[in-house]
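Here is work.cif, consisting of mmCIF, C-alpha atoms:
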```cif
data_query
#
loop_
_atom_site.label_atom_id
_atom_site.label_comp_id
_atom_site.auth_asym_id
_atom_site.auth_seq_id
_atom_site.Cartn_x
_atom_site.Cartn_y
_atom_site.Cartn_z
CA MET T 1 40.31 11.52 36.07
CA VAL T 2 38.37 8.98 38.09
CA ASP T 3 37.93 10.07 41.74
CA ILE T 4 40.08 13.18 41.14
CA SER T 5 38.68 16.52 40.12
CA THR T 6 39.36 20.14 41.04
CA PRO T 7 36.01 21.79 41.84
CA ALA T 8 34.88 23.48 38.64
CA LYS T 9 33.23 26.16 40.74
CA LEU T 10 36.63 27.28 42.03
CA LEU T 11 38.08 27.30 38.51
CA ARG T 12 35.20 29.42 37.23
CA ILE T 13 35.72 31.91 40.06
CA ILE T 14 39.42 32.09 39.21
CA SER T 15 38.97 32.67 35.50
CA GLY T 16 35.32 33.02 34.61
CA SER T 17 33.29 30.55 32.62
CA SER T 18 33.66 31.51 28.98
CA ARG T 19 37.28 30.75 28.04
CA TYR T 20 37.62 27.14 29.17
CA VAL T 21 35.70 23.88 29.07
CA TYR T 22 35.64 21.98 32.36
CA TYR T 23 35.55 18.17 32.44
CA THR T 24 34.14 16.33 35.43
CA GLU T 25 35.75 13.29 36.94
CA MET T 26 34.71 10.03 35.28
CA HIS T 27 31.41 8.53 36.46
CA HIS T 28 30.38 5.00 35.57
CA GLY T 29 27.08 4.75 33.73
CA GLN T 30 25.61 2.66 36.54
CA ALA T 31 26.42 5.41 39.05
CA ILE T 32 24.40 7.83 36.94
CA LEU T 33 21.45 5.46 36.70
CA HIS T 34 21.50 4.81 40.46
CA ASN T 35 21.57 8.53 41.31
CA THR T 36 19.08 10.05 38.89
CA THR T 37 17.53 12.19 41.62
CA ARG T 38 20.90 13.33 43.00
CA LEU T 39 22.86 14.31 39.90
CA ASP T 40 23.51 17.85 41.12
CA TRP T 41 25.08 16.33 44.23
CA LEU T 42 27.03 13.68 42.30
CA ILE T 43 28.26 15.81 39.41
CA GLY T 44 27.32 19.41 40.05
CA PRO T 45 24.58 21.41 38.35
CA PRO T 46 24.57 21.55 34.54
CA ARG T 47 26.53 24.40 32.96
CA PRO T 48 27.03 25.26 29.28
CA ASN T 49 30.82 24.74 29.32
CA MET T 50 30.83 21.59 31.44
CA VAL T 51 31.52 18.15 29.98
CA VAL T 52 30.46 15.10 31.97
CA GLN T 53 32.91 12.24 31.58
CA LEU T 54 31.34 8.78 31.45
CA GLY T 55 32.81 5.31 31.83
CA GLY T 56 31.46 1.87 31.11
CA ALA T 57 31.64 -1.05 28.70
CA GLU T 58 27.98 -1.90 28.17
CA PRO T 59 26.56 0.20 25.33
CA SER T 60 23.00 0.06 26.67
CA VAL T 61 24.04 1.20 30.16
CA VAL T 62 26.27 4.02 28.95
CA SER T 63 23.68 5.26 26.45
CA GLN T 64 20.87 5.15 29.05
CA ALA T 65 23.07 7.15 31.42
CA ALA T 66 23.79 9.61 28.63
CA LYS T 67 20.08 10.12 28.01
CA VAL T 68 19.46 10.70 31.72
CA LEU T 69 22.21 13.32 31.76
CA GLU T 70 20.82 15.02 28.67
CA LEU T 71 17.31 15.18 30.16
CA HIS T 72 18.79 16.69 33.33
CA GLY T 73 20.29 19.52 31.28
CA TYR T 74 23.92 18.57 30.75
CA LYS T 75 25.18 19.82 27.39
CA GLU T 76 28.06 17.49 26.44
CA LEU T 77 29.46 14.08 27.38
CA ASN T 78 32.84 12.42 26.98
CA ILE T 79 33.51 8.67 27.04
CA ASN T 80 36.78 7.96 28.84
CA VAL T 81 38.78 5.28 27.02
CA GLY T 82 42.11 6.21 28.58
CA CYS T 83 41.96 5.59 32.33
CA PRO T 84 44.31 2.75 33.45
CA SER T 85 43.33 2.46 37.13
CA PRO T 86 42.99 -1.10 38.51
CA ASN T 87 39.35 -0.56 39.50
CA VAL T 88 38.50 0.64 36.01
CA GLN T 89 40.37 -2.28 34.44
CA ALA T 90 38.43 -4.68 36.66
CA GLY T 91 35.24 -3.28 35.18
CA MET T 92 36.63 -3.75 31.66
CA PHE T 93 36.26 -0.09 30.75
CA GLY T 94 38.61 2.88 30.49
CA ALA T 95 41.88 2.23 28.64
CA VAL T 96 41.24 -1.51 28.30
CA LEU T 97 38.50 -0.63 25.78
CA MET T 98 41.16 0.55 23.33
CA LYS T 99 41.81 -3.16 22.73
CA THR T 100 38.23 -3.57 21.49
CA PRO T 101 37.45 -0.50 19.39
CA HIS T 102 34.29 -2.14 18.08
CA ILE T 103 32.80 -1.93 21.59
CA VAL T 104 33.58 1.79 21.74
CA ALA T 105 31.91 2.15 18.34
CA ASP T 106 28.92 0.18 19.67
CA ILE T 107 28.67 2.61 22.61
CA LEU T 108 28.57 5.52 20.17
CA THR T 109 25.98 3.80 18.00
CA ALA T 110 23.86 3.13 21.09
CA MET T 111 23.67 6.89 21.60
CA GLN T 112 21.69 7.10 18.41
CA THR T 113 19.38 4.28 19.48
CA ALA T 114 18.78 6.05 22.80
CA GLU T 115 18.12 9.31 20.92
CA VAL T 116 20.88 11.20 22.69
CA SER T 117 21.17 14.50 20.83
CA ILE T 118 23.95 16.27 22.77
CA PRO T 119 27.59 15.81 21.67
CA VAL T 120 29.30 12.61 22.83
CA THR T 121 33.07 12.73 22.42
CA ILE T 122 35.92 10.30 23.14
CA LYS T 123 39.10 10.56 25.22
CA CYS T 124 41.75 7.91 24.59
CA ARG T 125 45.48 7.20 24.69
CA ILE T 126 47.82 6.76 21.72
CA GLY T 127 48.00 3.05 22.52
CA VAL T 128 47.75 0.35 25.16
CA ASP T 129 50.33 -2.30 26.12
CA THR T 130 51.98 -3.58 22.93
CA LEU T 131 49.26 -2.08 20.74
CA ASP T 132 51.20 1.13 20.28
CA SER T 133 51.81 1.62 16.55
CA PHE T 134 50.36 4.48 14.58
CA GLU T 135 48.54 1.91 12.48
CA PHE T 136 46.75 0.67 15.59
CA LEU T 137 45.74 4.21 16.57
CA GLU T 138 44.60 4.94 13.04
CA HIS T 139 42.47 1.78 13.02
CA PHE T 140 41.00 2.69 16.41
CA VAL T 141 39.94 6.15 15.21
CA ASN T 142 38.66 4.81 11.89
CA THR T 143 36.47 2.31 13.74
CA LEU T 144 34.87 5.11 15.75
CA LEU T 145 34.33 7.27 12.69
CA GLU T 146 32.61 4.39 10.91
CA SER T 147 30.03 4.00 13.69
CA LYS T 148 26.50 5.28 13.18
CA ARG T 149 27.28 8.09 15.64
CA PRO T 150 30.91 9.18 15.01
CA PRO T 151 32.45 11.38 17.70
CA PRO T 152 32.49 15.12 16.91
CA HIS T 153 35.71 15.61 18.90
CA LEU T 154 38.60 13.40 20.01
CA VAL T 155 40.88 14.06 23.00
CA VAL T 156 44.14 12.08 22.89
CA HIS T 157 46.54 11.59 25.79
CA ALA T 158 49.93 11.53 24.09
CA ARG T 159 51.18 8.53 26.07
CA LYS T 160 50.29 4.89 25.76
CA CYS T 161 49.36 3.10 28.95
CA ILE T 162 50.62 -0.19 30.30
CA LEU T 163 47.81 -2.02 32.07
CA LYS T 164 49.88 -4.56 33.97
CA GLY T 165 52.99 -3.64 35.91
CA LEU T 166 52.53 0.12 36.15
CA SER T 167 50.40 2.08 38.60
CA PRO T 168 48.17 4.92 37.38
CA LYS T 169 50.80 7.37 38.66
CA GLN T 170 53.56 5.56 36.75
CA ASN T 171 51.37 5.57 33.64
CA ARG T 172 51.56 9.37 33.77
CA SER T 173 55.35 9.38 33.64
CA VAL T 174 56.98 6.10 32.55
CA PRO T 175 55.55 5.75 29.01
CA PRO T 176 57.14 8.59 27.03
CA LEU T 177 55.11 11.49 25.72
CA MET T 178 54.76 11.27 21.95
CA TYR T 179 53.21 14.54 20.84
CA ASP T 180 54.27 13.86 17.25
CA ARG T 181 52.00 10.80 17.21
CA VAL T 182 49.00 13.03 17.95
CA PHE T 183 50.10 15.57 15.37
CA GLN T 184 50.40 12.72 12.87
CA LEU T 185 46.83 11.80 13.73
CA ARG T 186 45.82 15.37 12.95
CA ASP T 187 47.38 15.03 9.48
CA ARG T 188 45.58 11.73 8.92
CA PHE T 189 42.17 13.03 10.02
CA PRO T 190 42.22 16.75 9.21
CA ASP T 191 38.44 17.16 9.51
CA LEU T 192 38.18 15.63 13.00
CA PRO T 193 38.41 18.22 15.81
CA LEU T 194 41.34 17.04 17.93
CA SER T 195 42.67 18.01 21.35
CA ILE T 196 45.87 16.84 22.99
CA ASN T 197 46.51 15.91 26.63
CA GLY T 198 49.55 14.94 28.67
CA GLY T 199 52.35 16.86 30.37
CA PHE T 200 51.18 20.39 29.61
CA ASP T 201 52.65 22.35 32.48
CA SER T 202 53.88 25.56 30.85
CA VAL T 203 52.54 28.29 28.60
CA ASP T 204 55.13 27.49 25.93
CA LYS T 205 53.95 23.88 25.71
CA VAL T 206 50.33 24.97 25.46
CA LYS T 207 51.16 27.45 22.71
CA MET T 208 53.07 24.75 20.83
CA ALA T 209 50.08 22.40 21.04
CA LEU T 210 47.60 25.02 19.86
CA GLU T 211 49.69 25.60 16.75
CA GLN T 212 49.14 21.96 15.80
CA VAL T 213 45.71 20.88 17.06
CA ASP T 214 42.37 22.37 18.04
CA GLY T 215 42.63 22.21 21.81
CA CYS T 216 44.80 21.37 24.79
CA MET T 217 43.51 19.50 27.84
CA ILE T 218 45.34 20.30 31.07
CA GLY T 219 44.79 18.05 34.07
CA ARG T 220 47.40 17.72 36.80
CA LYS T 221 48.86 21.21 36.38
CA ILE T 222 45.47 22.81 37.01
CA MET T 223 44.67 20.36 39.79
CA ASN T 224 47.90 21.20 41.61
CA SER T 225 48.06 24.90 40.67
CA PRO T 226 44.58 26.25 39.84
CA LEU T 227 45.95 29.76 39.44
CA PHE T 228 47.77 28.55 36.32
CA LEU T 229 44.49 29.46 34.62
CA GLN T 230 45.33 33.10 35.25
CA THR T 231 48.73 32.61 33.63
CA LEU T 232 46.95 31.27 30.56
CA ASP T 233 44.54 34.20 30.69
CA ARG T 234 47.48 36.60 30.51
CA GLU T 235 49.66 34.75 28.01
CA ILE T 236 47.14 33.03 25.72
CA TYR T 237 44.07 35.26 25.89
CA ASN T 238 45.84 38.57 26.58
CA ILE T 239 43.51 39.42 29.46
CA ASP T 240 44.38 42.77 30.99
CA GLU T 241 45.80 42.62 34.51
CA SER T 242 42.94 44.80 35.76
CA ASN T 243 40.58 41.91 34.93
CA ILE T 244 42.63 39.28 36.79
CA LYS T 245 41.23 38.55 40.23
CA THR T 246 43.47 38.71 43.29
CA THR T 247 43.93 35.62 45.41
CA GLU T 248 42.07 37.35 48.24
CA ALA T 249 39.10 38.09 45.98
CA ILE T 250 38.99 34.47 44.79
CA ILE T 251 38.99 33.11 48.34
CA HIS T 252 36.33 35.59 49.47
CA GLU T 253 34.04 34.71 46.54
CA TYR T 254 34.56 30.96 46.92
CA LEU T 255 33.87 30.96 50.67
CA GLY T 256 30.84 33.18 50.11
CA GLU T 257 29.34 30.68 47.67
CA ARG T 258 30.10 27.80 50.01
CA ARG T 259 28.25 29.60 52.85
CA LEU T 260 25.25 30.15 50.59
CA GLU T 261 25.16 26.42 49.78
CA THR T 262 24.99 25.47 53.46
CA VAL T 263 22.18 27.87 54.35
#
```
Whole structure, structure tokens version:
Amino acid sequence: MVDISTPAKLLRIISGSSRYVYYTEMHHGQAILHNTTRLDWLIGPPRPNMVVQLGGAEPSVVSQAAKVLELHGYKELNINVGCPSPNVQAGMFGAVLMKTPHIVADILTAMQTAEVSIPVTIKCRIGVDTLDSFEFLEHFVNTLLESKRPPPHLVVHARKCILKGLSPKQNRSVPPLMYDRVFQLRDRFPDLPLSINGGFDSVDKVKMALEQVDGCMIGRKIMNSPLFLQTLDREIYNIDESNIKTTEAIIHEYLGERRLETV
């Protein structure tokens, strides 16, 4: 989410670093290029299970930023094609790019030209404005897969977004969740690793999703209730209670690391 991100450091303290993949907030390619000497400050230091989310509409800019991130040690990138915020729309990137899938494909192809070797994945919605049929979504995905650098993983928010008339907050609740649309996409592209996003706020919903697709992205629930990770540890990964940290231990460890950073 642009400008919104729970510190990954806190999440790793809560639940360790091996069971989950942590996505950063979205950073525009230009922001990366203008901060090449301050990437640890801007994004956080590279970690194996950290995915840096990029935004932008110019293939050359996004691919140059991707190469900079790779050289700095980041292991995976994700192009956000689902954010509906007004600022993102004004820059003609985020969800508005779903209307021009050839540009998204050009961004992926530019990764090859820039010799980016780390994985570059895509996050999108099931549709945008009136472009909300399964045929549209199928065409969008096909266009990406036909690029010279097809994405190795697709994350799909199971709502469409409405660019005019709804705020970003309303776009998280007014358009209905259509999980079946994502599951239909799984049937259409069985060889494409696919994760689902949108409205996952209970263990039962997460379990349901994991029966259908390869992964489940959880945003707001973790942002608002970081300790939900421990619920998943218990119910999904069967982690013994003796290996679940207490709240007091989490706070002590987090504050200890913060003090070390300021020394």
(request) Extract, using all atoms listed in the file, all DNA, RNA and protein residues at most 9 Å from T:Ile107, discarding same-chain residues fewer than 5 positions from it, and format them as a ChimeraX atom specification. (result) /T:56-63,79,102,149
(request) Please identify all polymer residues within 7 Å of T:Cys161, counting all atoms listed in the file, omitting same-chain residues fewer than 3 positions from it, and present them as a count of residues only. (result) 6
(request) Using the chain letters and residue numbers of this document, give as a PyMOL selection string the residues selected by the PyMOL selection byres ((chain T and resi 52) around 6). (result) chain T and resi 23-24+51+53+77
(request) Please write the residues picked by the PyMOL selection byres ((chain T and resi 192) around 10) on this file as a list in words. (result) Val141, Leu145, Pro150, Pro151, Pro152, His153, Leu154, Leu185, Arg186, Asp187, Arg188, Phe189, Pro190, Asp191, Pro193, Leu194, Ser195 and Asp214 of chain T
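Take the PyMOL selection byres ((chain T and resi 87) around 12) and apply it to this file: it picks T:Val2, T:Asp3, T:His28, T:Gly55, T:Gly56, T:Cys83, T:Pro84, T:Ser85, T:Pro86, T:Val88, T:Gln89, T:Ala90, T:Gly91, T:Met92, T:Phe93, T:Gly94, T:Ala95, T:Val96, T:Leu163, T:Ser167, T:Pro168.
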(message) To one decimal place in Å, what is the distance between atom CA of T:Ile250 and atom CA of T:Ile218?
(response) 20.7 Å
(request) Counting only C-alpha atoms, write as a ChimeraX atom specification all protein and nucleic acid residues lying at most 12 Å from (28.6, 16.1, 42.7) in the file's frame. (result) /T:3-9,24-27,31-32,35-46,52
Dump C-alpha atoms for the selected residues as an mmCIF file, keeping the file's coordinate frame?
```cif
data_model
loop_
_atom_site.group_PDB
_atom_site.id
_atom_site.type_symbol
_atom_site.label_atom_id
_atom_site.label_comp_id
_atom_site.auth_asym_id
_atom_site.auth_seq_id
_atom_site.Cartn_x
_atom_site.Cartn_y
_atom_site.Cartn_z
ATOM 1 C CA ASP T 3 37.930 10.070 41.740
ATOM 2 C CA ILE T 4 40.080 13.180 41.140
ATOM 3 C CA SER T 5 38.680 16.520 40.120
ATOM 4 C CA THR T 6 39.360 20.140 41.040
ATOM 5 C CA PRO T 7 36.010 21.790 41.840
ATOM 6 C CA ALA T 8 34.880 23.480 38.640
ATOM 7 C CA LYS T 9 33.230 26.160 40.740
ATOM 8 C CA THR T 24 34.140 16.330 35.430
ATOM 9 C CA GLU T 25 35.750 13.290 36.940
ATOM 10 C CA MET T 26 34.710 10.030 35.280
ATOM 11 C CA HIS T 27 31.410 8.530 36.460
ATOM 12 C CA ALA T 31 26.420 5.410 39.050
ATOM 13 C CA ILE T 32 24.400 7.830 36.940
ATOM 14 C CA ASN T 35 21.570 8.530 41.310
ATOM 15 C CA THR T 36 19.080 10.050 38.890
ATOM 16 C CA THR T 37 17.530 12.190 41.620
ATOM 17 C CA ARG T 38 20.900 13.330 43.000
ATOM 18 C CA LEU T 39 22.860 14.310 39.900
ATOM 19 C CA ASP T 40 23.510 17.850 41.120
ATOM 20 C CA TRP T 41 25.080 16.330 44.230
ATOM 21 C CA LEU T 42 27.030 13.680 42.300
ATOM 22 C CA ILE T 43 28.260 15.810 39.410
ATOM 23 C CA GLY T 44 27.320 19.410 40.050
ATOM 24 C CA PRO T 45 24.580 21.410 38.350
ATOM 25 C CA PRO T 46 24.570 21.550 34.540
ATOM 26 C CA VAL T 52 30.460 15.100 31.970
#
```
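Taking all atoms listed in the file into account, T:Ile126 lies nearest to T:Val182 out of the set T:Ile103, T:Ala110, T:Ile14, T:Val182.
Proximity to T:Val120 was assessed for T:Ser133, T:Thr100, T:Gln212, T:Asn78 counting only C-alpha atoms; the smallest distance is recorded for T:Asn78.
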